$ cat start.txt   # compact mmCIF, C-alpha atoms and all ligand atoms
# COMPACT_ATOMS: atom_id res chain seq x y z
CA MET B 1 88.86 164.03 164.29
CA LEU B 2 90.79 161.03 165.59
CA VAL B 3 89.33 157.72 164.38
CA THR B 4 90.42 154.08 164.17
CA VAL B 5 91.95 152.54 161.06
CA LYS B 6 89.32 149.82 161.36
CA GLU B 7 86.42 152.19 160.78
CA LEU B 8 88.21 153.82 157.83
CA LEU B 9 88.79 150.42 156.23
CA VAL B 10 85.13 149.39 156.70
CA GLU B 11 84.07 152.60 154.95
CA ALA B 12 86.67 152.07 152.18
CA GLU B 13 85.32 148.56 151.59
CA LYS B 14 81.76 149.90 151.26
CA LYS B 15 82.90 152.50 148.74
CA GLN B 16 85.41 150.19 147.03
CA GLN B 17 88.16 152.73 147.64
CA ALA B 18 91.52 152.77 149.42
CA VAL B 19 92.62 154.94 152.36
CA GLY B 20 95.93 156.73 151.84
CA ALA B 21 98.47 156.10 154.63
CA PHE B 22 101.40 158.51 154.69
CA ASN B 23 104.59 158.49 156.77
CA VAL B 24 105.14 161.84 158.52
CA PRO B 25 108.62 162.03 160.09
CA ASN B 26 108.65 165.85 160.25
CA LEU B 27 106.21 168.77 160.63
CA GLU B 28 106.36 169.62 156.93
CA SER B 29 105.02 166.20 155.91
CA LEU B 30 102.50 166.09 158.77
CA ARG B 31 101.08 169.49 157.83
CA GLY B 32 101.23 168.77 154.08
CA VAL B 33 99.31 165.49 154.42
CA ILE B 34 96.59 166.89 156.72
CA GLN B 35 96.15 169.98 154.53
CA ALA B 36 95.82 167.77 151.42
CA ALA B 37 93.16 165.55 153.02
CA GLU B 38 91.25 168.56 154.39
CA GLU B 39 91.29 170.29 151.02
CA LEU B 40 89.75 167.20 149.38
CA GLY B 41 87.50 166.37 152.36
CA VAL B 42 88.71 162.74 152.52
CA PRO B 43 89.88 160.56 155.44
CA VAL B 44 93.56 159.80 155.86
CA ILE B 45 96.00 157.70 157.91
CA ILE B 46 99.18 159.30 159.27
CA GLN B 47 101.88 156.87 160.31
CA HIS B 48 105.24 156.68 162.05
CA ALA B 49 107.65 153.94 160.92
CA GLU B 50 109.98 152.40 163.48
CA VAL B 51 112.91 152.81 161.03
CA HIS B 52 112.28 156.58 161.11
CA GLU B 53 113.34 156.69 164.76
CA ASN B 54 116.68 158.00 163.45
CA LEU B 55 114.84 161.04 162.01
CA ILE B 56 112.49 161.60 164.93
CA SER B 57 111.43 159.42 167.84
CA ILE B 58 107.88 158.25 168.43
CA GLU B 59 107.95 160.12 171.77
CA GLU B 60 108.59 163.38 169.88
CA ILE B 61 106.33 163.04 166.84
CA GLY B 62 103.62 160.70 168.27
CA PRO B 63 101.83 163.24 170.51
CA VAL B 64 101.96 165.84 167.72
CA MET B 65 100.42 163.37 165.27
CA VAL B 66 97.60 162.55 167.69
CA GLU B 67 96.96 166.26 168.31
CA PHE B 68 96.86 167.04 164.57
CA ALA B 69 94.44 164.13 164.07
CA LYS B 70 92.11 165.42 166.81
CA ARG B 71 92.08 168.95 165.41
CA ALA B 72 91.59 167.98 161.73
CA ASN B 73 88.17 168.52 160.17
CA ILE B 74 88.34 165.14 158.41
CA PRO B 75 88.67 161.62 159.96
CA VAL B 76 92.34 160.85 160.70
CA ALA B 77 93.78 157.60 162.08
CA VAL B 78 97.22 157.42 163.69
CA HIS B 79 99.15 154.23 162.92
CA LEU B 80 102.51 152.63 163.75
CA ASP B 81 104.13 151.43 160.51
CA HIS B 82 106.47 148.38 160.47
CA GLY B 83 106.68 147.99 164.23
CA ALA B 84 109.54 145.55 164.69
CA THR B 85 109.65 145.35 168.48
CA LEU B 86 107.12 144.83 171.24
CA GLU B 87 108.50 147.97 172.95
CA GLU B 88 107.71 150.26 169.99
CA CYS B 89 104.21 148.76 169.63
CA VAL B 90 103.45 149.31 173.32
CA LYS B 91 104.80 152.88 173.14
CA ALA B 92 102.49 153.59 170.18
CA VAL B 93 99.47 152.23 172.07
CA ARG B 94 100.33 154.31 175.16
CA LEU B 95 100.69 157.46 173.02
CA GLY B 96 97.16 156.99 171.67
CA PHE B 97 97.84 155.50 168.23
CA THR B 98 94.66 153.87 166.97
CA SER B 99 96.39 150.97 165.21
CA ILE B 100 99.73 149.28 164.88
CA MET B 101 101.53 147.18 162.33
CA TYR B 102 103.63 144.38 163.71
CA ASP B 103 106.05 143.22 161.02
CA ALA B 104 107.61 139.82 161.59
CA SER B 105 107.48 138.97 157.88
CA LEU B 106 111.22 138.34 157.67
CA LYS B 107 111.04 135.71 160.41
CA SER B 108 109.85 132.14 159.81
CA TYR B 109 106.13 131.68 159.14
CA GLU B 110 105.71 129.96 162.53
CA THR B 111 107.45 132.79 164.40
CA ASN B 112 105.44 135.38 162.48
CA VAL B 113 102.20 133.62 163.55
CA LYS B 114 103.33 133.21 167.17
CA GLU B 115 104.56 136.78 167.72
CA THR B 116 101.73 138.42 165.79
CA THR B 117 99.13 136.44 167.78
CA GLU B 118 100.64 137.73 171.05
CA LEU B 119 100.64 141.30 169.76
CA VAL B 120 97.02 141.01 168.60
CA LYS B 121 95.95 139.87 172.08
CA ILE B 122 97.63 142.86 173.71
CA ALA B 123 96.41 145.42 171.14
CA HIS B 124 92.82 144.14 170.97
CA SER B 125 92.54 144.24 174.75
CA VAL B 126 92.82 148.04 174.53
CA GLY B 127 90.80 148.47 171.31
CA VAL B 128 93.76 148.95 168.96
CA SER B 129 93.69 147.14 165.62
CA VAL B 130 96.64 145.27 164.10
CA GLU B 131 98.08 145.02 160.61
CA ALA B 132 100.63 142.29 159.86
CA GLU B 133 102.65 141.32 156.82
CA LEU B 134 102.95 138.03 155.02
CA GLY B 135 105.24 137.46 152.05
CA GLU B 136 108.34 139.55 151.47
CA MET B 137 108.36 143.19 150.45
CA THR B 138 111.82 144.23 149.37
CA ASN B 139 113.42 147.66 149.28
CA SER B 140 114.62 149.11 146.03
CA THR B 141 118.21 150.25 146.51
CA VAL B 142 117.14 153.86 146.03
CA GLY B 143 115.52 155.81 148.82
CA GLY B 144 113.76 152.89 150.52
CA GLY B 145 113.23 153.50 154.15
CA GLU B 146 110.38 151.75 155.87
CA GLY B 147 111.11 148.18 154.91
CA ARG B 148 114.42 146.43 154.88
CA ALA B 149 117.58 146.93 152.89
CA SER B 150 117.63 144.39 150.13
CA ASP B 151 119.18 143.81 146.78
CA ALA B 152 117.12 145.16 143.88
CA SER B 153 117.48 141.79 142.16
CA ASP B 154 114.64 140.61 144.43
CA PHE B 155 112.38 143.07 142.62
CA GLY B 156 109.32 141.30 141.23
CA ASN B 157 110.40 137.90 142.59
CA VAL B 158 107.15 135.91 142.70
CA ASP B 159 108.65 133.41 145.16
CA LEU B 160 108.48 136.18 147.74
CA PHE B 161 104.83 137.03 146.99
CA THR B 162 102.05 136.24 149.47
CA ASN B 163 100.45 132.82 149.12
CA PRO B 164 96.60 133.07 149.19
CA GLN B 165 95.97 129.87 151.21
CA GLN B 166 98.68 130.75 153.70
CA ALA B 167 97.22 134.28 153.99
CA ASN B 168 93.87 132.86 155.08
CA GLU B 169 95.47 130.44 157.55
CA PHE B 170 97.59 133.32 158.95
CA ILE B 171 94.55 135.56 159.50
CA GLN B 172 92.55 132.75 161.13
CA ASN B 173 95.42 131.88 163.48
CA THR B 174 96.50 135.38 164.46
CA GLY B 175 93.24 137.37 164.40
CA VAL B 176 94.84 140.35 162.59
CA ASP B 177 92.52 143.06 161.27
CA SER B 178 94.33 143.75 158.00
CA LEU B 179 97.14 142.20 156.01
CA ALA B 180 100.01 143.73 154.03
CA ILE B 181 100.64 141.53 151.02
CA SER B 182 103.48 141.15 148.58
CA PHE B 183 102.42 141.27 144.92
CA GLY B 184 105.17 143.21 143.12
CA THR B 185 105.53 146.58 144.86
CA VAL B 186 108.78 147.59 146.58
CA HIS B 187 109.67 150.21 149.15
CA GLY B 188 111.65 153.11 147.69
CA LYS B 189 112.14 154.43 144.18
CA TYR B 190 111.18 152.07 141.36
CA LEU B 191 114.17 151.09 139.26
CA ALA B 192 111.88 149.66 136.57
CA GLU B 193 108.15 149.81 135.83
CA PRO B 194 106.49 147.64 138.53
CA ASN B 195 104.76 144.54 137.22
CA LEU B 196 101.96 143.98 139.71
CA ASP B 197 100.15 140.66 140.19
CA PHE B 198 96.51 141.83 140.38
CA GLU B 199 95.15 138.27 140.15
CA ARG B 200 97.03 137.46 143.32
CA ILE B 201 95.28 140.33 145.14
CA GLU B 202 91.89 139.01 143.96
CA SER B 203 92.74 135.51 144.96
CA ILE B 204 93.91 136.58 148.45
CA ARG B 205 90.76 138.67 148.83
CA LYS B 206 88.65 135.59 148.03
CA THR B 207 90.47 133.17 150.32
CA THR B 208 90.53 135.68 153.20
CA SER B 209 86.81 136.59 152.97
CA LYS B 210 87.53 140.22 152.12
CA THR B 211 89.96 140.99 154.95
CA PRO B 212 91.27 144.51 154.18
CA LEU B 213 94.48 144.15 152.16
CA VAL B 214 97.31 146.67 152.35
CA MET B 215 99.70 147.79 149.61
CA HIS B 216 103.14 148.81 150.85
CA GLY B 217 105.65 150.54 148.57
CA GLY B 218 102.65 152.47 147.28
CA SER B 219 104.26 155.62 145.95
CA GLY B 220 105.58 155.63 142.38
CA VAL B 221 102.83 153.35 141.01
CA SER B 222 100.86 154.53 137.94
CA ALA B 223 97.29 155.82 138.31
CA ALA B 224 96.03 152.90 136.19
CA ASP B 225 97.76 150.37 138.46
CA TYR B 226 96.41 152.01 141.63
CA ARG B 227 92.90 151.71 140.20
CA LYS B 228 93.38 148.06 139.25
CA ALA B 229 94.84 147.24 142.69
CA ILE B 230 91.90 148.96 144.43
CA ALA B 231 89.39 147.16 142.19
CA ALA B 232 91.11 143.86 143.09
CA GLY B 233 90.75 144.50 146.86
CA ILE B 234 93.49 146.83 148.17
CA ARG B 235 91.94 149.04 150.90
CA LYS B 236 94.99 150.86 152.39
CA ILE B 237 97.91 152.25 150.39
CA ASN B 238 101.16 153.09 152.18
CA TYR B 239 102.87 156.02 150.50
CA TYR B 240 106.09 157.84 151.30
CA THR B 241 109.14 157.84 148.97
CA TYR B 242 107.69 159.91 146.14
CA MET B 243 106.27 162.61 148.43
CA ASN B 244 109.67 162.75 150.12
CA LEU B 245 111.28 163.08 146.69
CA ALA B 246 108.81 165.82 145.66
CA ALA B 247 109.82 167.72 148.82
CA GLY B 248 113.54 167.33 148.11
CA GLU B 249 113.22 168.32 144.46
CA SER B 250 111.20 171.37 145.40
CA ALA B 251 113.80 172.44 147.99
CA LYS B 252 116.51 171.98 145.36
CA LYS B 253 114.66 174.34 142.99
CA VAL B 254 114.34 177.01 145.69
CA LEU B 255 118.07 176.76 146.42
CA ILE B 256 119.09 176.90 142.77
CA ASN B 257 116.74 179.80 141.97
CA SER B 258 117.58 181.79 145.07
CA GLN B 259 119.24 185.04 143.96
CA GLN B 260 119.87 186.29 147.48
CA ASP B 261 123.07 185.78 149.42
CA GLU B 262 121.05 184.51 152.32
CA LEU B 263 118.22 182.01 152.33
CA PHE B 264 116.04 181.74 155.41
CA PHE B 265 114.91 178.25 156.33
CA ASP B 266 111.29 179.46 156.79
CA GLU B 267 110.99 179.83 153.03
CA LEU B 268 112.20 176.29 152.41
CA SER B 269 109.92 174.85 155.09
CA LEU B 270 106.81 176.47 153.58
CA ASP B 271 107.81 175.47 150.06
CA VAL B 272 108.40 171.86 151.05
CA THR B 273 105.06 171.68 152.91
CA SER B 274 103.20 172.79 149.83
CA ALA B 275 105.17 170.41 147.54
CA ILE B 276 104.17 167.51 149.81
CA LYS B 277 100.57 168.70 149.91
CA GLU B 278 100.34 168.83 146.08
CA ASN B 279 101.91 165.38 145.71
CA VAL B 280 99.56 163.87 148.32
CA ILE B 281 96.49 165.53 146.76
CA GLU B 282 97.18 163.74 143.47
CA ALA B 283 97.49 160.37 145.24
CA LEU B 284 94.40 160.90 147.42
CA LYS B 285 92.28 161.83 144.40
CA ILE B 286 93.04 158.48 142.80
CA PHE B 287 92.66 156.44 146.01
CA ASN B 288 89.26 158.06 146.68
CA GLY B 289 87.96 157.81 143.11
CA LEU B 290 87.89 161.59 142.65
CA ASN B 291 89.39 161.59 139.14
P1 LIG B 301 107.14 153.90 149.65
O1 LIG B 301 108.09 154.72 150.44
O2 LIG B 301 107.83 153.04 148.64
O3 LIG B 301 106.03 154.71 149.06
O4 LIG B 301 106.46 152.87 150.67
C1 LIG B 301 105.85 153.38 151.83
C2 LIG B 301 105.48 152.24 152.72
O5 LIG B 301 105.21 151.15 152.28
C3 LIG B 301 105.46 152.49 154.18
O6 LIG B 301 105.23 151.32 154.89

$ encode --input "start.txt" --output "structure tokens"
Amino acid sequence: MLVTVKELLVEAEKKQQAVGAFNVPNLESLRGVIQAAEELGVPVIIQHAEVHENLISIEEIGPVMVEFAKRANIPVAVHLDHGATLEECVKAVRLGFTSIMYDASLKSYETNVKETTELVKIAHSVGVSVEAELGEMTNSTVGGGEGRASDASDFGNVDLFTNPQQANEFIQNTGVDSLAISFGTVHGKYLAEPNLDFERIESIRKTTSKTPLVMHGGSGVSAADYRKAIAAGIRKINYYTYMNLAAGESAKKVLINSQQDELFFDELSLDVTSAIKENVIEALKIFNGLN
């Protein structure tokens, strides 16, 4: 059933869990994610990132995402990830997305506040909630995709991390419903073991009176670190690169092991769907405290 991100985050706060939010730029990932959540009986967020417009446009995948959400037997929210333009945010709202992220985190603090405030007014007027980002999340140089291209030397740079006092001021001024924070994760494949600043999450949670906090660059983090981040106050975990990698690796195996002269794409499509499902099941179990 189609629900709002807001209600999922309220429930996650009550249970001290995190909701998994997965990018789904093709049918294999969309089906794999929904099947994983249904098998475990847990809620899930499916999201389209504006940078994935080169893979599939929001006009193509958006209505399919909303339809899958409506038909699922678990609560599913449909979210725009890293909306960078007003146009994409408005398109998402018109297509029936239940929340949007407006990401002006690379602009000056003042511009981020000004533009996000405008977006919040528009989105709230039609009952859509807004996530914003404060502090800089970099991309690793390998396989990043939803953030920005950046040099891996930024990795773990505390100067880019979210400041707790500024986070509170930002939320008060803009009225956002949730906040993506920078505390050591990166988009893409980790080039070294991430060194996450859990105290910073706790401190932001305190200064922002428990506003739901979002972890981007969520895939590739250890189970122990997910648990610590959730205990510190993370309520939504954005996850993509490592499920994408699981799909690619699985397709590679099928190709290498194929003894036939011909390989039909159907076989690959089914194999990739189940590789994504298995990868997402493992993540969802941890996020929902099931193991
Ligand atoms: P990863 O691709 O690093 O898991 O990050 C996903 C994400 O943060 C989407 O916004």

$ residues_around --input "start.txt" --residues "B:Glu39" --least-positions-apart "5" --cutoff "12 Å" --atoms "only C-alpha atoms" --output "ChimeraX atom specification"
/B:31-34,44,72-74,277-278,280-282,284-285

$ residues_around --input "start.txt" --residues "stretch 252-258 of chain B" --least-positions-apart "6" --cutoff "10 Å" --atoms "all atoms listed in the file" --output "list of chain:residue names"
B:Ala246, B:Glu267, B:Leu268, B:Asp271, B:Val272

$ atom_distance --input "start.txt" --atom1 "atom CA of B:Ser178" --atom2 "atom CA of B:Phe68"
24.3 Å

$ residues_near_ligand --input "start.txt" --ligand "ligand LIG 301 (chain B)" --cutoff "6 Å" --atoms "all atoms listed in the file" --output "ChimeraX atom specification"
/B:81,144,146,186-188,216-219,238-241

$ closest_residue --input "start.txt" --among "B:Leu134, B:Gln166, B:Val221, B:Gly83" --to "B:His52" --atoms "all atoms listed in the file"
B:Gly83

$ atom_distance --input "start.txt" --atom1 "atom CA of B:Ser105" --atom2 "atom CA of B:Lys14"
28.7 Å

$ closest_residue --input "start.txt" --among "B:Gln172, B:Asn291, B:Asn244, B:Ser274" --to "B:Pro25" --atoms "only C-alpha atoms"
B:Asn244

$ atom_distance --input "start.txt" --atom1 "atom CA of B:Asp197" --atom2 "atom CA of B:Gly184"
6.3 Å

$ closest_atom_pairs --input "start.txt" --of "stretch 80-186 of chain B" --to "stretch 55-67 of chain B" --cutoff "9 Å" --atoms "only C-alpha atoms" --output "JSON lines"
{"residue": "B:Glu88", "atom": "CA", "partner": "B:Ile58", "partner_atom": "CA", "distance": 8.1}
{"residue": "B:Lys91", "atom": "CA", "partner": "B:Ile58", "partner_atom": "CA", "distance": 7.8}
{"residue": "B:Ala92", "atom": "CA", "partner": "B:Ile58", "partner_atom": "CA", "distance": 7.3}
{"residue": "B:Leu95", "atom": "CA", "partner": "B:Pro63", "partner_atom": "CA", "distance": 6.4}
{"residue": "B:Gly96", "atom": "CA", "partner": "B:Val66", "partner_atom": "CA", "distance": 6.9}
{"residue": "B:Phe97", "atom": "CA", "partner": "B:Val66", "partner_atom": "CA", "distance": 7.1}

$ residues_near_point --input "start.txt" --point "(102.8, 141.9, 155.5)" --cutoff "12 Å" --atoms "all atoms listed in the file" --output "number ranges by chain"
B: 81-84, 101-107, 109, 112-113, 116, 130-138, 147, 160-163, 167, 170-171, 176-183, 185, 212-217, 238

$ residues_around --input "start.txt" --residues "stretch 206-208 of chain B" --least-positions-apart "4" --cutoff "7 Å" --atoms "only C-alpha atoms" --output "CSV table (one decimal) with C-alpha atoms, keeping the file's coordinate frame"
chain,number,residue,atom,x,y,z
B,164,PRO,CA,96.6,133.1,149.2
B,165,GLN,CA,96.0,129.9,151.2
B,167,ALA,CA,97.2,134.3,154.0
B,168,ASN,CA,93.9,132.9,155.1
B,202,GLU,CA,91.9,139.0,144.0

$ decode --input "start.txt" --residues "stretch 192-210 of chain B" --atoms "C-alpha atoms" --output "mmCIF file, in the first residue's frame"
data_model
loop_
_atom_site.group_PDB
_atom_site.id
_atom_site.type_symbol
_atom_site.label_atom_id
_atom_site.label_comp_id
_atom_site.auth_asym_id
_atom_site.auth_seq_id
_atom_site.Cartn_x
_atom_site.Cartn_y
_atom_site.Cartn_z
ATOM 1 C CA ALA B 192 38.630 2.147 2.764
ATOM 2 C CA GLU B 193 36.719 1.067 5.877
ATOM 3 C CA PRO B 194 34.380 4.002 6.698
ATOM 4 C CA ASN B 195 35.110 5.731 9.984
ATOM 5 C CA LEU B 196 31.712 7.006 11.076
ATOM 6 C CA ASP B 197 31.188 9.800 13.616
ATOM 7 C CA PHE B 198 28.379 8.321 15.758
ATOM 8 C CA GLU B 199 28.714 11.039 18.421
ATOM 9 C CA ARG B 200 27.907 13.600 15.764
ATOM 10 C CA ILE B 201 24.654 11.771 14.938
ATOM 11 C CA GLU B 202 23.706 11.782 18.646
ATOM 12 C CA SER B 203 24.565 15.403 19.002
ATOM 13 C CA ILE B 204 22.525 16.397 15.908
ATOM 14 C CA ARG B 205 19.624 14.307 17.189
ATOM 15 C CA LYS B 206 19.748 16.215 20.508
ATOM 16 C CA THR B 207 19.998 19.704 19.022
ATOM 17 C CA THR B 208 17.256 18.996 16.454
ATOM 18 C CA SER B 209 14.768 17.522 18.979
ATOM 19 C CA LYS B 210 14.768 14.107 17.306
#
